[in-house]
Amino acid sequence: MSLLDRKLLRDLAALKSQALAVALVMACGLAMMIMTRSLILSLETTRDTYYEHHRFAQVFARLKRAPNAVRDQLAAIPGVATVETGIAMQVTLDLPGLDLPAVGLLNSLPERGEAVLNRVYLRSGRLPLSPSTQYELAAGEAFAEAHGLKPGDPISAVLNGTKQTFRLSGIVLSPEFVFEAPPNSALPDNKTYGVFWMPYKELATAFQLYGAFNNVALTLAPGASEGDVIADADRLLAPYGGRGAYGRANHPSHRRLDDEIRVLTGLSIAFPLVFLSVAAFMTNSVMSRQVALQREQIAMLKACGFSNAQVGMHYFKFSFVIVLVGVGFGAIGGIFLGHQLVGLYHIFFRFPQLDFLLDSRVLVTASVVSSFAAFAGVAGAVRRAVRLPPAEAMRPEAPARYRPALLERLGATRWFSASFRMSLRNIERRPIRSALTCLALALATSILVVPSSFRDGVAYIIDFQWDVVQRQTVTLTLVEPGPARGVADFGHLPGVILAEPFRYVPVELRAGPVTRRLLLQGLPARGTLSRVIDAHPRQLTLPPRGIIISAKLATVLQVRPGDEVVAKVLEGEERELRVPVAGLAEDFTGIAAYMELPALNRLLLEGDRINGAHLTVAAGSWPEFLAAVKTTPRLAGCMIKNSVREGFRQTTAASVSLLQKIYMFFATVVAFGIIYNSARISLSERSRELATLRVLGFSRGEVGAVLVGELVLLTLLALPLGLVLGSFFASGIIRTLNTETVRLPLVLTAANYAFAVSVVAIASALSALFAARKLAAIDLVSALKALD
Amino acid sequence: MFHVRGLARIYGEGTAAVTALAGVDFDLFRSELVVLLGASGSGKSTLLNQLGGLDSPTHGTLLYHGADLARFDEPALTRFRRDAVGFVFQAYNLIPSLTARENVALITEICRAPMAPAEALQLVGLGDRMDHFPAQLSGGEQQRVAIARAIAKRPEVLLCDEPTGALDVRTGITVLEAIERINRELGTLAVIITHNAILADMADRVFTLSDGRIVNERINARRGSVRDLAW
């Protein structure tokens with residue numbers, strides 16, 4: 001080891017707490033970067049392997065009924081490589097011990113051999129057998145886990161009006177249901193919605209569909225155009241009640257997974273960027289201080305024949321060591337957290353196996369990025385060191401020019417003590433350094449604001465979605481659209497206080513080149529149970545003409561109120577309608593479009609038809625209500641609001657809360673690091689001056705007041721700035737997390753600000769305490785002699 | 001070795017210009033011990049910086065073995081300082097985080113044909129204090145480490161800026177003895193700047209500076225020994 005390197009190590013040892021503070025801040029940023037990038041790699045790799053091995057299809061279509069012969073016509077469409085047809089039917093489940101009605105999607109397994117596409121993965125047990133004494137089915141893992149079902153357990157379902165009891169033969173997974181959520185729901189609800197597989201023959205027979213299919217999956221030949229195949233398939237399936245084919249991009253499970261990856265991508269950039277900038281800034285302040293202290297040493301080295309490059313490299317190595325430690329800690333932290341979080345994804349995404357894969361490229365990127373951050377931070381200081389002419393450096397720095405502070409010049413002196421005046425002058429004397437310290441404190445404050453805004457955003461969603469928008473107790477959905485007088489039937493169920501009908505129609509909305517498939521919801525113009533709310537948030541009245549769409553959907557379609565969109569109805573007879581956008585609704589999960597119910601009925605050229613109703617049920621009659629619902633025929637689903645809300649709390653909210661805790665921990669580390677560092681630098685820069693004051697007869701308390709006073713003044717300046725900066729960061733980061741399936745509103749609460757302010761205040765107080773203790777330990781005589 | 005004619009150094013411009021050196025002429029030769037005398041502000045430090053390649057002249061000629069130092073670029077000046085010049089500073093300028101031996105070795109690592117750090121420290125009488133940190137050494141000892149550091153590279157010229165300025169008489173003597181011994185035994189040109197006229201007796205030649213000019217040159221027929229100086 002060269003002696004210059006030995007000097008480096010010893011200087012670093014003397015600076016260890018400050019260097020460690022910088023390295024930790026860097027490590028926090030890198031840990032997040034490594035964690036998120038590795039999670040992305042894990043999800044993508046696992047997804048791609050799973051899709052490939054289990055032959056996930058590329059184009060999907062649902063229809064009413066087509067004879068099996070149509071299958072050959074589908075295979076003949078130019079660009080289609082493989083075709084899989086089958087049956088998928090939604091049924092009501094009856095689970096022993098579950099007082100809520102649950103809904104199951106029954107999928108058929110081919111009569112002979114293994115499926116060509118969307119092959120299931122057997123987790124336990126075996127696949128259901130066709131000719132057996134008892135009907136068998138296999139259940140999706142998420143539902144089975146939520147209900148503690150094991151192979152061999154009984155399960156009842158109402159198939160086409162007849163209740164049948166099945167035996168669970170096994171637990172399976174499917175690439176089609178990596179995200180196992182009810183149709184058109186952005187959130188999983190594994191208690192009341194499950195996916196099942198049973199042999200084609202039994203399923204088809206139960207629904208009088210034997211020899212026919214209602215579900216299609218296709219793969220494309222290399223080079224084939226997805227759009228053309230979809231158009232051809234739609235044309236072919238239209239006479240059979242086709243509801244519009246769609247590609248993977250519109251596949252609910254696939255899109256949810258994609259969105260998650262997009263969120264992670266946003267997080268992998270936004271947060272680390274803030275942290276690494278802070279680290280660069282801290283490296284700069286440590287190194288500037290170091291260079292200033294080592295003026296004479298730099299001059300000596302140059303006088304003795306060390307070149308600028310050697311001197312520059314020496315100081316760059318300082319930051320390099322810090323980067324090395326930061327990358328080390330960051331990698332350990334990132335890998336550890338990644339391992340923890342990968343388990344969390346099991347709640348949302350069901351893969352045969354989801355292992356944490358370390359993205360080794362990100363380690364390299366992380367090293368490069370943080371080296372760059374540190375070098376950028378150090379560059380200025382090193383340039384100053386190198387530029388210092390040796391003869392110049394040998395002289396001590398010229399004394400700073402003092403003058404009365406602005407407040408003093410304004411005549412406010414008499415209210416200030418001598419030490420307060422000194423603090424003021426110190427701040428004014430070195431405006432840039434004061435501004436930088438102030439900025440550091442502001443950054444510390446700002447990064448504390450971001451994680452809390454996540455938590456508050458989620459809390460807001462919970463209140464908004466289930467108290468402001470959805471005020472029903474339960475939503476009942478019919479198997480098929482039925483006459484509106486059904487609402488009256490619902491109203492007669494025990495305990496029902498209020499019933500409001502709705503009509504859901506699958507449509508494809510198009511504006512220019514952009515299309516989106518969703519359910520167009522027909523609701524009463526100004527309902528009391530399921531309401532349409534704008535950004536203010538005020539209830540919107542649905543106009544007799546036109547639709548109201550999610551603000552997010554408007555952004556995606558690039559339309560504004562007043563513009564027209566084309567709505568292609570994907571149910572029954574295919575029709576295209578031009579409808580004006582009448583307003584924008586605020587919502588946070590999925591994308592939606594709303595229309596006045598009678599207007600929708602008119603548009604569909606149908607009578608008063610509904611898909612179901614939202615109901616308020618008296619709490620006292622709840623058991624009777626549920627019992628009645630379980631026996632109500634033609635019911636496809638029963639969504640209990642509180643159970644969905646609970647599901648959200650336990651899944652999305654829980655994962656956001658975990659992320660928030662991790663980020664908050666990091667942010668607190670960083671805030672302490674910044675403030676401690678600032679206090680350290682300010683103390684060591686001023687030890688000589690402060691010792692002089694002590695020699696001149698100032699008491700320890702008075703001298704401490706000068707130093708602490710300065711820190712307090714700067715903190716007071718920094719806090720409002722930090723809160724503004726933090727709100728800005730939060731808004732930027734939340735914007736990157738804004739996807740079509742889940743959005744987080746920007747919610748900034750007084751409690752959030754108060755927390756940030758208190759952490760900074762506590763960190764400042766502790767740092768001041770530390771500085772005061774160090775101050776007490778200053779050896780007056782040597783402090784006056786020493787050059788540092 | 002050095003050939004200096006009309007050397008001037010002016011800091012600043014226009015009305016704010018300060019003339020530190022106003023045209024000096026002299027030559028310096030191998031094995032000489034030269035003392036530059038002068039009050040504070042007389043220009044002696046500026047002159048020493050010029051000789052050591054730490055600063056470049058505004059006007060005039062400064063030849064080292066016939067090469068014009070003023071025309072040296074930064075890498076050439078670095079090489080010149082690395083190989084030819086040993087500096088001794090008034091404030092020692094040791095690296096506080098390195099021991100005495102390491103402070104010397106720091107420099108021997110980068111130059112050609114240096115002596116061993118231990119040998120250099122022995123020459124200045126610090127053979128038994130080699131592994132002490134600067135903070136554990138007295139002022140005189142620190143200055144002798146600085147001298148060991150300067151001579152370990154076997155420089156052609158040893159430039160000493162007030163080497164005893166911060167020391168008491170007795171310590172000052174040990175430091176000056178070390179410089180004289182190097183000059184005598186290694187044939188190094190030694191240039192000492194000081195405001196202390198007593199040191200003049202130990203020199204071969206003495207230049208007196210005032211207001212940036214050489215106002216007197218004195219040649220000692222016989223050099224006095226450091227111990228005999230009339231303190």
# chains A, B, ... in the order shown; residues from 1 in each chain; ligands from 1
>>> interface_residues(of="chain A", to="chain B", cutoff="7 Å", atoms="only C-alpha atoms", output="PyMOL selection string")
chain A and resi 3-4+7+10-11+296-297+300+303-307+390-391
>>> write_last_selection(atoms="all heavy atoms", output="mmCIF file, in the first residue's frame")
data_model
loop_
_atom_site.group_PDB
_atom_site.id
_atom_site.type_symbol
_atom_site.label_atom_id
_atom_site.label_comp_id
_atom_site.auth_asym_id
_atom_site.auth_seq_id
_atom_site.Cartn_x
_atom_site.Cartn_y
_atom_site.Cartn_z
ATOM 1 N N LEU A 3 2.029 5.104 0.651
ATOM 2 C CA LEU A 3 1.844 5.887 1.870
ATOM 3 C C LEU A 3 0.708 6.879 1.746
ATOM 4 O O LEU A 3 0.058 7.226 2.723
ATOM 5 C CB LEU A 3 3.146 6.585 2.226
ATOM 6 C CG LEU A 3 4.056 5.566 2.909
ATOM 7 C CD1 LEU A 3 5.491 5.946 2.785
ATOM 8 C CD2 LEU A 3 3.662 5.405 4.365
ATOM 9 N N LEU A 4 0.477 7.319 0.518
ATOM 10 C CA LEU A 4 -0.645 8.236 0.317
ATOM 11 C C LEU A 4 -1.950 7.499 0.648
ATOM 12 O O LEU A 4 -2.868 8.068 1.215
ATOM 13 C CB LEU A 4 -0.643 8.721 -1.135
ATOM 14 C CG LEU A 4 -1.023 10.180 -1.378
ATOM 15 C CD1 LEU A 4 -0.302 11.122 -0.446
ATOM 16 C CD2 LEU A 4 -0.752 10.556 -2.817
ATOM 17 N N LYS A 7 -2.223 7.260 4.348
ATOM 18 C CA LYS A 7 -2.747 8.545 4.846
ATOM 19 C C LYS A 7 -4.260 8.573 4.663
ATOM 20 O O LYS A 7 -5.004 8.974 5.556
ATOM 21 C CB LYS A 7 -2.100 9.700 4.070
ATOM 22 C CG LYS A 7 -2.840 11.033 4.148
ATOM 23 C CD LYS A 7 -2.104 12.079 3.343
ATOM 24 C CE LYS A 7 -2.775 13.423 3.175
ATOM 25 N NZ LYS A 7 -4.183 13.553 3.234
ATOM 26 N N ARG A 10 -5.971 6.494 7.274
ATOM 27 C CA ARG A 10 -5.962 7.088 8.619
ATOM 28 C C ARG A 10 -6.869 8.315 8.663
ATOM 29 O O ARG A 10 -7.549 8.550 9.650
ATOM 30 C CB ARG A 10 -4.534 7.454 9.011
ATOM 31 C CG ARG A 10 -3.696 6.199 9.166
ATOM 32 C CD ARG A 10 -2.487 6.396 10.045
ATOM 33 N NE ARG A 10 -1.696 5.167 10.006
ATOM 34 C CZ ARG A 10 -0.398 5.132 9.809
ATOM 35 N NH1 ARG A 10 0.293 6.256 9.672
ATOM 36 N NH2 ARG A 10 0.241 3.982 9.791
ATOM 37 N N ASP A 11 -6.867 9.099 7.590
ATOM 38 C CA ASP A 11 -7.768 10.265 7.557
ATOM 39 C C ASP A 11 -9.217 9.801 7.613
ATOM 40 O O ASP A 11 -10.058 10.403 8.280
ATOM 41 C CB ASP A 11 -7.542 11.096 6.284
ATOM 42 C CG ASP A 11 -6.233 11.854 6.333
ATOM 43 O OD1 ASP A 11 -5.610 11.878 7.422
ATOM 44 O OD2 ASP A 11 -5.825 12.409 5.299
ATOM 45 N N GLU A 296 -2.616 23.033 3.619
ATOM 46 C CA GLU A 296 -1.160 23.000 3.749
ATOM 47 C C GLU A 296 -0.582 21.674 3.287
ATOM 48 O O GLU A 296 0.483 21.617 2.699
ATOM 49 C CB GLU A 296 -0.733 23.277 5.197
ATOM 50 C CG GLU A 296 -0.900 24.720 5.632
ATOM 51 C CD GLU A 296 -2.268 24.981 6.231
ATOM 52 O OE1 GLU A 296 -3.108 24.054 6.230
ATOM 53 O OE2 GLU A 296 -2.507 26.116 6.680
ATOM 54 N N GLN A 297 -1.312 20.590 3.601
ATOM 55 C CA GLN A 297 -0.809 19.275 3.193
ATOM 56 C C GLN A 297 -0.798 19.152 1.673
ATOM 57 O O GLN A 297 0.136 18.614 1.085
ATOM 58 C CB GLN A 297 -1.687 18.161 3.780
ATOM 59 C CG GLN A 297 -1.638 18.128 5.290
ATOM 60 C CD GLN A 297 -2.418 16.952 5.851
ATOM 61 O OE1 GLN A 297 -2.540 15.918 5.205
ATOM 62 N NE2 GLN A 297 -2.923 17.101 7.050
ATOM 63 N N MET A 300 2.106 21.112 0.401
ATOM 64 C CA MET A 300 3.363 20.398 0.633
ATOM 65 C C MET A 300 3.537 19.282 -0.393
ATOM 66 O O MET A 300 4.596 19.129 -0.983
ATOM 67 C CB MET A 300 3.361 19.857 2.058
ATOM 68 C CG MET A 300 4.641 19.185 2.486
ATOM 69 S SD MET A 300 4.779 17.507 1.864
ATOM 70 C CE MET A 300 3.438 16.743 2.752
ATOM 71 N N ALA A 303 4.459 20.809 -3.578
ATOM 72 C CA ALA A 303 5.810 21.369 -3.526
ATOM 73 C C ALA A 303 6.839 20.249 -3.591
ATOM 74 O O ALA A 303 7.919 20.419 -4.137
ATOM 75 C CB ALA A 303 5.981 22.180 -2.246
ATOM 76 N N CYS A 304 6.486 19.100 -3.019
ATOM 77 C CA CYS A 304 7.443 17.997 -2.989
ATOM 78 C C CYS A 304 7.387 17.158 -4.251
ATOM 79 O O CYS A 304 8.043 16.126 -4.345
ATOM 80 C CB CYS A 304 7.208 17.119 -1.778
ATOM 81 S SG CYS A 304 7.644 17.965 -0.270
ATOM 82 N N GLY A 305 6.608 17.550 -5.209
ATOM 83 C CA GLY A 305 6.665 16.874 -6.495
ATOM 84 C C GLY A 305 5.526 15.929 -6.808
ATOM 85 O O GLY A 305 5.606 15.178 -7.773
ATOM 86 N N PHE A 306 4.447 15.942 -6.001
ATOM 87 C CA PHE A 306 3.287 15.148 -6.399
ATOM 88 C C PHE A 306 2.533 15.894 -7.478
ATOM 89 O O PHE A 306 2.387 17.122 -7.405
ATOM 90 C CB PHE A 306 2.368 14.897 -5.198
ATOM 91 C CG PHE A 306 2.841 13.773 -4.325
ATOM 92 C CD1 PHE A 306 3.704 14.012 -3.268
ATOM 93 C CD2 PHE A 306 2.439 12.469 -4.578
ATOM 94 C CE1 PHE A 306 4.164 12.972 -2.477
ATOM 95 C CE2 PHE A 306 2.885 11.428 -3.785
ATOM 96 C CZ PHE A 306 3.756 11.675 -2.732
ATOM 97 N N SER A 307 2.100 15.180 -8.488
ATOM 98 C CA SER A 307 1.429 15.856 -9.603
ATOM 99 C C SER A 307 -0.029 16.139 -9.236
ATOM 100 O O SER A 307 -0.569 15.570 -8.287
ATOM 101 C CB SER A 307 1.477 14.976 -10.846
ATOM 102 O OG SER A 307 0.691 13.823 -10.623
ATOM 103 N N PRO A 390 0.810 25.813 -5.043
ATOM 104 C CA PRO A 390 1.458 25.381 -3.816
ATOM 105 C C PRO A 390 1.900 26.557 -2.938
ATOM 106 O O PRO A 390 1.767 26.492 -1.717
ATOM 107 C CB PRO A 390 2.649 24.555 -4.293
ATOM 108 C CG PRO A 390 2.677 24.645 -5.765
ATOM 109 C CD PRO A 390 1.387 25.201 -6.237
ATOM 110 N N ALA A 391 2.370 27.613 -3.561
ATOM 111 C CA ALA A 391 2.861 28.740 -2.763
ATOM 112 C C ALA A 391 1.694 29.386 -2.018
ATOM 113 O O ALA A 391 1.801 29.776 -0.863
ATOM 114 C CB ALA A 391 3.535 29.768 -3.658
#
>>> residues_around(residues="Gly224 in chain B", least_positions_apart="2", cutoff="9 Å", atoms="only C-alpha atoms", output="ChimeraX atom specification")
/B:200-203,220,222,226-229
>>> write_last_selection(atoms="C-alpha atoms", output="PDB file, in the first residue's frame")
ATOM      1  CA  ALA B 200      24.513  34.988   7.859  1.00  0.00           C
ATOM      2  CA  ASP B 201      27.787  33.741   9.375  1.00  0.00           C
ATOM      3  CA  MET B 202      27.106  30.099   8.495  1.00  0.00           C
ATOM      4  CA  ALA B 203      26.682  30.896   4.774  1.00  0.00           C
ATOM      5  CA  ASN B 220      32.177  34.887   3.677  1.00  0.00           C
ATOM      6  CA  ARG B 222      35.280  31.138   5.750  1.00  0.00           C
ATOM      7  CA  VAL B 226      26.474  26.699  13.509  1.00  0.00           C
ATOM      8  CA  ARG B 227      27.607  26.152  17.099  1.00  0.00           C
ATOM      9  CA  ASP B 228      29.808  29.279  16.928  1.00  0.00           C
ATOM     10  CA  LEU B 229      27.021  31.588  15.787  1.00  0.00           C
TER      11      LEU B 229
END
>>> closest_residue(among="A:Val742, A:Ala57, A:Val286, A:Ile298", to="Phe648 in chain A", atoms="only C-alpha atoms")
A:Val742
>>> residues_around(residues="range 215-219 of chain B", least_positions_apart="3", cutoff="8 Å", atoms="only C-alpha atoms", output="PyMOL selection string")
chain B and resi 204-210
>>> residues_around(residues="range 710-724 of chain A", least_positions_apart="3", cutoff="9 Å", atoms="only C-alpha atoms", output="PyMOL selection string")
chain A and resi 420+422-424+426-427+434-435+437-449+678-679+682+705-707+727-729+753+756-757+760-761+764-765+768
>>> select_by_dssp(residues="range 563-722 of chain A", states="strand (DSSP E or B)", output="ChimeraX atom specification")
/A:564-569,575-585,589,593-596,609-617,635-640
>>> residues_around(residues="Leu7 in chain B", least_positions_apart="4", cutoff="9 Å", atoms="only C-alpha atoms", output="list in words")
Leu21, Ala22, Gly23, Val24, Asp25, Leu47, Pro57, Thr58, His59, Gly60, Thr61 and Leu62 of chain B
>>> write_last_selection(atoms="N, CA, C and O atoms", output="CSV table (one decimal), in the first residue's frame")
chain,number,residue,atom,x,y,z
B,21,LEU,N,8.8,41.2,-6.3
B,21,LEU,CA,10.2,41.1,-6.7
B,21,LEU,C,10.4,42.1,-7.8
B,21,LEU,O,9.6,42.1,-8.8
B,22,ALA,N,11.4,43.0,-7.7
B,22,ALA,CA,11.5,44.1,-8.7
B,22,ALA,C,12.7,44.0,-9.5
B,22,ALA,O,13.4,44.9,-9.8
B,23,GLY,N,13.1,42.8,-9.9
B,23,GLY,CA,14.2,42.6,-10.8
B,23,GLY,C,15.5,42.2,-10.0
B,23,GLY,O,16.1,43.1,-9.5
B,24,VAL,N,15.7,41.0,-9.8
B,24,VAL,CA,16.9,40.6,-9.1
B,24,VAL,C,17.8,39.7,-10.0
B,24,VAL,O,17.4,39.1,-11.0
B,25,ASP,N,19.2,39.9,-9.8
B,25,ASP,CA,20.2,39.2,-10.6
B,25,ASP,C,21.1,38.4,-9.7
B,25,ASP,O,21.6,39.0,-8.7
B,47,LEU,N,11.0,34.9,-3.8
B,47,LEU,CA,12.1,34.5,-4.5
B,47,LEU,C,12.3,33.0,-4.4
B,47,LEU,O,12.6,32.3,-5.3
B,57,PRO,N,7.6,33.6,-12.7
B,57,PRO,CA,7.9,35.0,-12.7
B,57,PRO,C,7.0,35.8,-13.7
B,57,PRO,O,6.5,35.3,-14.7
B,58,THR,N,6.9,37.1,-13.4
B,58,THR,CA,6.2,38.0,-14.3
B,58,THR,C,7.1,38.4,-15.5
B,58,THR,O,6.8,38.4,-16.6
B,59,HIS,N,8.4,38.8,-15.1
B,59,HIS,CA,9.4,39.1,-16.1
B,59,HIS,C,10.7,38.4,-15.7
B,59,HIS,O,10.8,38.0,-14.5
B,60,GLY,N,11.6,38.5,-16.6
B,60,GLY,CA,13.0,38.1,-16.3
B,60,GLY,C,13.3,36.6,-16.6
B,60,GLY,O,12.4,35.9,-17.1
B,61,THR,N,14.6,36.3,-16.4
B,61,THR,CA,15.1,35.0,-16.8
B,61,THR,C,15.4,34.2,-15.5
B,61,THR,O,15.9,34.7,-14.5
B,62,LEU,N,14.9,32.9,-15.5
B,62,LEU,CA,15.2,32.0,-14.4
B,62,LEU,C,15.7,30.7,-15.0
B,62,LEU,O,14.8,29.9,-15.4
>>> residues_around(residues="range 32-45 of chain A", least_positions_apart="5", cutoff="8 Å", atoms="only C-alpha atoms", output="PyMOL selection string")
chain A and resi 261+264-265+267-269+271-272+330-331+334-335+337-338+342+354-359+362-363+366
>>> closest_residue(among="A:Leu24, A:Val91, A:Leu737, A:Ala292", to="Leu324 in chain A", atoms="only C-alpha atoms")
A:Leu24
>>> atom_distance(atom1="CA of Gln472 in chain A", atom2="CA of Ala653 in chain A")
21.5 Å
>>> select_by_dssp(residues="range 2-222 of chain B", states="alpha helix (DSSP H)", output="number ranges by chain")
B: 44-51, 74-83, 100-108, 117-123, 139-151, 169-186
>>> closest_residue(among="A:Thr365, A:Gln539, A:Thr631, A:Gln290", to="Glu685 in chain A", atoms="only C-alpha atoms")
A:Gln290
>>> residues_around(residues="range 207-219 of chain A", least_positions_apart="3", cutoff="9 Å", atoms="only C-alpha atoms", output="number ranges by chain")
A: 55-71, 74-75, 79-89, 107, 117-118, 159-160, 200-204, 240-242, 245
>>> atom_distance(atom1="CA of Phe375 in chain A", atom2="CA of Val291 in chain A")
14.4 Å
>>> atom_distance(atom1="CA of Val169 in chain B", atom2="CA of Asn196 in chain B")
11.5 Å
>>> closest_residue(among="A:Leu122, A:Ile533, A:Leu93, A:Leu603", to="Asp467 in chain A", atoms="only C-alpha atoms")
A:Ile533
